[in-house]
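These notes are about the structure you will find just below.
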Amino acid sequence: MRVRVLFFGRVKEIVGRAEETADVEDGADLGSLFRSYARRFPQLAEMERSTVLARNQKIASHSEFLADGDEVAFLPPVSGGMKHRAARNRRNRAGAD
Amino acid sequence: MRVRVLFFGRVKEIVGRAEETADVEDGADLGSLFRSYARRFPQLAEMERSTVLARNQKIASHSEFLADGDEVAFLPPVSGGMKHRAARNRRNRAGAD
Amino acid sequence: MQHETAEIVRAPIDVAALAAGLRRGEDGAVVVFEGIVRNGSGGCPTLYLEYEGYEAMALEQMRAIAGEARARWPIDRVAIVHRLGRLEIGETSIAIVVTSAHRAPAFDACRHAIDRVKKSVAIWKKEYFADGAVWVEGEVMQK
Amino acid sequence: MQHETAEIVRAPIDVAALAAGLRRGEDGAVVVFEGIVRNGSGGCPTLYLEYEGYEAMALEQMRAIAGEARARWPIDRVAIVHRLGRLEIGETSIAIVVTSAHRAPAFDACRHAIDRVKKSVAIWKKEYFADGAVWVEGEVMQK
């Protein structure tokens with residue numbers, strides 16, 4: 001079956017695209033989809049704890065099963081509103097990566 | 001000596017004017033000035049607890065002495081900002097006066 | 001624009017212009033409070049309000065409240081503008097604008113300022129109904 | 001105007017028009033929060049920010065936050081507007097307007113709404129400096 005996968009923020013840059021279509025096996029869950037990307041993109045594996053998954057625009061756990069035609073999104077920590085205090089620290093860390 | 005006396009809000013209506021000049025004896029304090037008006041305007045006497053006095057634009061106690069040329073103000077409960085919840089009750093009470 | 005602004009006006013308050021005049025590059029948050037003339041909740045509708053003030057004293061008190069807010073919270077600027085005269089339902093009687101790097105102190109300072117204004121600024125209002133009018137007496141004035 | 005409004009825009013947010021559209025005769029208080037792009041406090045100045053969102057999801061989340069505020073506090077209307085795209089220092093990235101008969105619930109609801117937006121709306125921003133750019137990662141997204 002096929003699902004649409006959307007990437008945002010830093011995940012989008014790691015994966016190098018905003019979205020793609022992925023073929024997944026019947027019975028696959030969100031966790032297995034995440035792991036398949038994490039294998040291709042080691043930086044994404046490091047973000048597993050902070051990256052939330054959404055299935056059809058709702059936050060979903062890794063154990064949720066996929067269905068054909070689903071829209072899955074990889075959502076790194078959000079930063080809407082105004083400036084966050086942590087920005088500068090993160091920047092220094094990013095520079096050290 | 002002479003002082004200028006200003007009236008605001010309901011006090012202004014009770015006294016019937018916004019301001020006047022008053023002759024006071026040497027050594028008079030704010031309390032004696034208030035009492036002289038309260039004798040003339042019994043409704044003002046009822047408002048003694050809620051009416052704050054100012055001397056030269058600063059809140060002052062009844063025991064503060066007056067000086068020639070002072071500006072005294074009679075300040076009933078304030079209601080700046082927006083609507084107060086108590087308005088309707090007070091209105092009914094005012095109607096019963 | 002000063003760090004602390006207190007103004008008494010008789011024309012409609014242009015809150016957008018006020019907020020625009022305060023904000024600077026180091027601000028991350030603007031909190032605005034507007035008090036507006038509202039209809040009573042009872043049976044008899046309010047027609048309009050008349051505000052009057054002991055202007056010299058009220059201005060000084062408003063300035064003191066702005067200064068107090070800046071002394072107590074790490075905020076940037078505070079403006080308190082009160083309108084006097086006749087105000088119709090829906091019009092803004094008071095606007096308080098606080099700018100700050102962060103939002104929490106801006107909310108705290110703005111809220112504190114309006115609470116203080118209602119208790120300790122020499123301004124009074126009279127509410128007009130179809131069948132009469134009454135002085136709205138809120139709080140015994142505090143320092 | 002609905003009781004709960006959520007909007008994502010790409011042009012400057014006209015907060016005055018937004019607030020004017022919400023207020024009604026029964027309101028006595030309007031509380032507005034604006035989040036603005038500010039300069040960093042460190043040595044290297046921010047040039048500008050780029051905001052992006054998962055728009056369908058973000059709108060739904062903003063609507064949910066507005067609804068939650070109205071369920072929890074006795075307020076009148078809530079509008080949450082977030083801007084996406086490139087924003088310069090001093091520009092408003094988010095505006096939240098709450099109208100209410102009384103001020104306390106308006107302050108509480110507005111503050112709650114911005115706290116929730118920062119934690120649980122699918123919006124990201126990238127901060128651009130003279131020597132590079134970084135995704136600003138705030139909070140792990142919550143429901």
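Here, A, B, ... name the chains of the structure tokens in the order displayed, residue numbers run from 1 inside each chain, and ligands are numbered from 1 in the same displayed order.
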* Asked: Within 9 Å of chain A, which residues of chain C show up when using only C-alpha atoms, listed as a ChimeraX atom specification?
  -> /C:28-29,102
* Asked: Quick one: which residues from chain C are at most 8 Å off chain D, using only C-alpha atoms, as an NGL selection string?
  -> :C and (15-16 or 23-41 or 89-90 or 101 or 107 or 111)
* To do: Can you check which residues of segment 23-126 of chain D DSSP gives as alpha helix (DSSP H) on the backbone and send them as a ChimeraX atom specification?
  => /D:55-72,103-120
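Closest approach to Val81 of chain C from the set C:Met57, C:Val9, C:Leu22, C:Met141 is made by C:Val9, with distances taken over only C-alpha atoms.
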I'd like the contact shell of Leu44 of chain B - 9 Å cut-off, only C-alpha atoms, skipping same-chain residues fewer than 3 positions apart - returned as a compact mmCIF listing (two decimals) with all heavy atoms, in the first residue's frame.
```txt
# COMPACT_ATOMS: atom_id res chain seq x y z
N VAL B 11 -20.11 63.61 44.54
CA VAL B 11 -19.90 64.73 45.47
C VAL B 11 -20.16 66.06 44.76
O VAL B 11 -20.77 66.97 45.32
CB VAL B 11 -18.48 64.70 46.08
CG1 VAL B 11 -18.25 65.91 46.97
CG2 VAL B 11 -18.27 63.41 46.86
N ILE B 14 -23.80 66.60 44.67
CA ILE B 14 -24.36 66.91 46.00
C ILE B 14 -24.07 68.36 46.35
O ILE B 14 -24.95 69.10 46.82
CB ILE B 14 -23.77 65.94 47.06
CG1 ILE B 14 -24.33 64.52 46.83
CG2 ILE B 14 -24.07 66.43 48.47
CD1 ILE B 14 -23.61 63.44 47.61
N VAL B 15 -22.85 68.77 46.11
CA VAL B 15 -22.45 70.14 46.45
C VAL B 15 -23.01 71.14 45.43
O VAL B 15 -23.19 72.33 45.73
CB VAL B 15 -20.91 70.23 46.57
CG1 VAL B 15 -20.43 71.65 46.78
CG2 VAL B 15 -20.42 69.33 47.70
N PHE B 34 -13.72 68.83 55.82
CA PHE B 34 -14.74 67.86 55.40
C PHE B 34 -16.00 68.02 56.25
O PHE B 34 -17.12 68.05 55.73
CB PHE B 34 -14.21 66.42 55.51
CG PHE B 34 -15.21 65.40 55.00
CD1 PHE B 34 -15.25 65.03 53.67
CD2 PHE B 34 -16.16 64.84 55.87
CE1 PHE B 34 -16.19 64.14 53.19
CE2 PHE B 34 -17.11 63.94 55.40
CZ PHE B 34 -17.12 63.59 54.06
N TYR B 37 -18.28 70.82 55.27
CA TYR B 37 -19.14 70.52 54.11
C TYR B 37 -20.22 69.50 54.48
O TYR B 37 -21.35 69.57 54.01
CB TYR B 37 -18.30 70.02 52.93
CG TYR B 37 -17.66 71.15 52.17
CD1 TYR B 37 -16.34 71.52 52.40
CD2 TYR B 37 -18.39 71.88 51.23
CE1 TYR B 37 -15.75 72.57 51.73
CE2 TYR B 37 -17.81 72.95 50.55
CZ TYR B 37 -16.50 73.29 50.80
OH TYR B 37 -15.94 74.33 50.14
N ALA B 38 -19.86 68.54 55.33
CA ALA B 38 -20.82 67.51 55.71
C ALA B 38 -22.00 68.13 56.46
O ALA B 38 -23.14 67.66 56.36
CB ALA B 38 -20.14 66.44 56.56
N ARG B 39 -21.73 69.21 57.23
CA ARG B 39 -22.84 69.88 57.92
C ARG B 39 -23.78 70.53 56.91
O ARG B 39 -24.99 70.49 57.05
CB ARG B 39 -22.29 70.94 58.89
CG ARG B 39 -21.85 70.35 60.22
CD ARG B 39 -21.57 71.43 61.25
NE ARG B 39 -20.45 72.28 60.90
CZ ARG B 39 -19.17 72.01 61.19
NH1 ARG B 39 -18.86 70.90 61.86
NH2 ARG B 39 -18.21 72.83 60.84
N ARG B 40 -23.17 71.12 55.87
CA ARG B 40 -24.02 71.79 54.86
C ARG B 40 -24.74 70.77 53.97
O ARG B 40 -25.83 71.05 53.48
CB ARG B 40 -23.14 72.69 53.97
CG ARG B 40 -22.71 73.99 54.65
CD ARG B 40 -21.56 74.64 53.91
NE ARG B 40 -21.86 74.97 52.52
CZ ARG B 40 -20.94 75.32 51.61
NH1 ARG B 40 -19.65 75.35 51.95
NH2 ARG B 40 -21.29 75.62 50.38
N PHE B 41 -24.12 69.61 53.73
CA PHE B 41 -24.67 68.62 52.78
C PHE B 41 -24.75 67.26 53.46
O PHE B 41 -23.80 66.49 53.44
CB PHE B 41 -23.80 68.54 51.53
CG PHE B 41 -23.60 69.87 50.85
CD1 PHE B 41 -22.42 70.60 51.04
CD2 PHE B 41 -24.61 70.41 50.04
CE1 PHE B 41 -22.25 71.83 50.42
CE2 PHE B 41 -24.43 71.64 49.42
CZ PHE B 41 -23.26 72.36 49.61
N MET B 47 -21.29 59.80 53.10
CA MET B 47 -20.23 59.27 52.23
C MET B 47 -18.84 59.42 52.88
O MET B 47 -17.84 59.21 52.21
CB MET B 47 -20.23 60.02 50.90
CG MET B 47 -21.47 59.74 50.06
SD MET B 47 -21.49 60.78 48.58
CE MET B 47 -20.11 60.10 47.66
N GLU B 48 -18.81 59.73 54.16
CA GLU B 48 -17.50 60.01 54.76
C GLU B 48 -16.51 58.85 54.62
O GLU B 48 -15.35 59.04 54.32
CB GLU B 48 -17.65 60.39 56.25
CG GLU B 48 -16.30 60.65 56.88
CD GLU B 48 -16.37 61.30 58.27
OE1 GLU B 48 -17.48 61.63 58.71
OE2 GLU B 48 -15.31 61.44 58.89
N THR B 51 -15.34 58.53 50.88
CA THR B 51 -14.78 59.68 50.19
C THR B 51 -13.36 59.94 50.66
O THR B 51 -13.11 60.16 51.86
CB THR B 51 -15.67 60.92 50.41
OG1 THR B 51 -16.96 60.64 49.88
CG2 THR B 51 -15.10 62.14 49.71
```
* If we count only C-alpha atoms, what is near Leu33 of chain B at a cut-off of 9 Å, once residues fewer than 4 positions away on the same chain are taken out, given as a list in words? -> Ala22, Val24, Ala28, Asp29, Tyr37, Ala38, His62 and Leu66 of chain B
* Return the single residue from A:Gly69, A:Val78, A:Asp23, A:Val5 that is closest to Val52 of chain A, with distances computed using only C-alpha atoms. =>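 The answer is A:Val78, which sits nearest to Val52 of chain A.
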* Mind giving me the straight-line distance from atom CA of Gln2 of chain C to atom CA of Gly21 of chain C in Å, one decimal? =>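 Atom CA of Gln2 of chain C sits 10.0 Å away from atom CA of Gly21 of chain C.
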* Test item, strand (DSSP E) assignment across chain B, answer as number ranges by chain -> B: 2-7, 19-23, 52-55, 58-60, 71-75
Could you dump the residues just selected with C-alpha atoms as a compact mmCIF listing (two decimals), in the first residue's frame?
```
# COMPACT_ATOMS: atom_id res chain seq x y z
CA ARG B 2 -7.98 80.29 51.69
CA VAL B 3 -8.00 76.94 49.97
CA ARG B 4 -9.41 75.80 46.68
CA VAL B 5 -11.82 72.90 46.99
CA LEU B 6 -12.65 70.57 44.07
CA PHE B 7 -15.57 68.16 43.92
CA GLU B 19 -15.08 73.83 42.72
CA GLU B 20 -15.05 76.77 45.06
CA THR B 21 -12.74 78.76 47.28
CA ALA B 22 -13.12 78.27 51.02
CA ASP B 23 -11.89 80.37 53.94
CA VAL B 52 -11.05 60.12 50.03
CA LEU B 53 -9.46 63.56 50.36
CA ALA B 54 -6.53 64.80 48.37
CA ARG B 55 -4.34 67.74 49.26
CA LYS B 58 -1.92 63.59 46.84
CA ILE B 59 -4.19 61.43 48.95
CA ALA B 60 -4.15 62.85 52.47
CA GLU B 71 -5.88 72.58 46.53
CA VAL B 72 -8.16 70.09 48.26
CA ALA B 73 -10.26 67.53 46.39
CA PHE B 74 -13.18 65.36 47.52
CA LEU B 75 -12.89 62.01 45.76
```
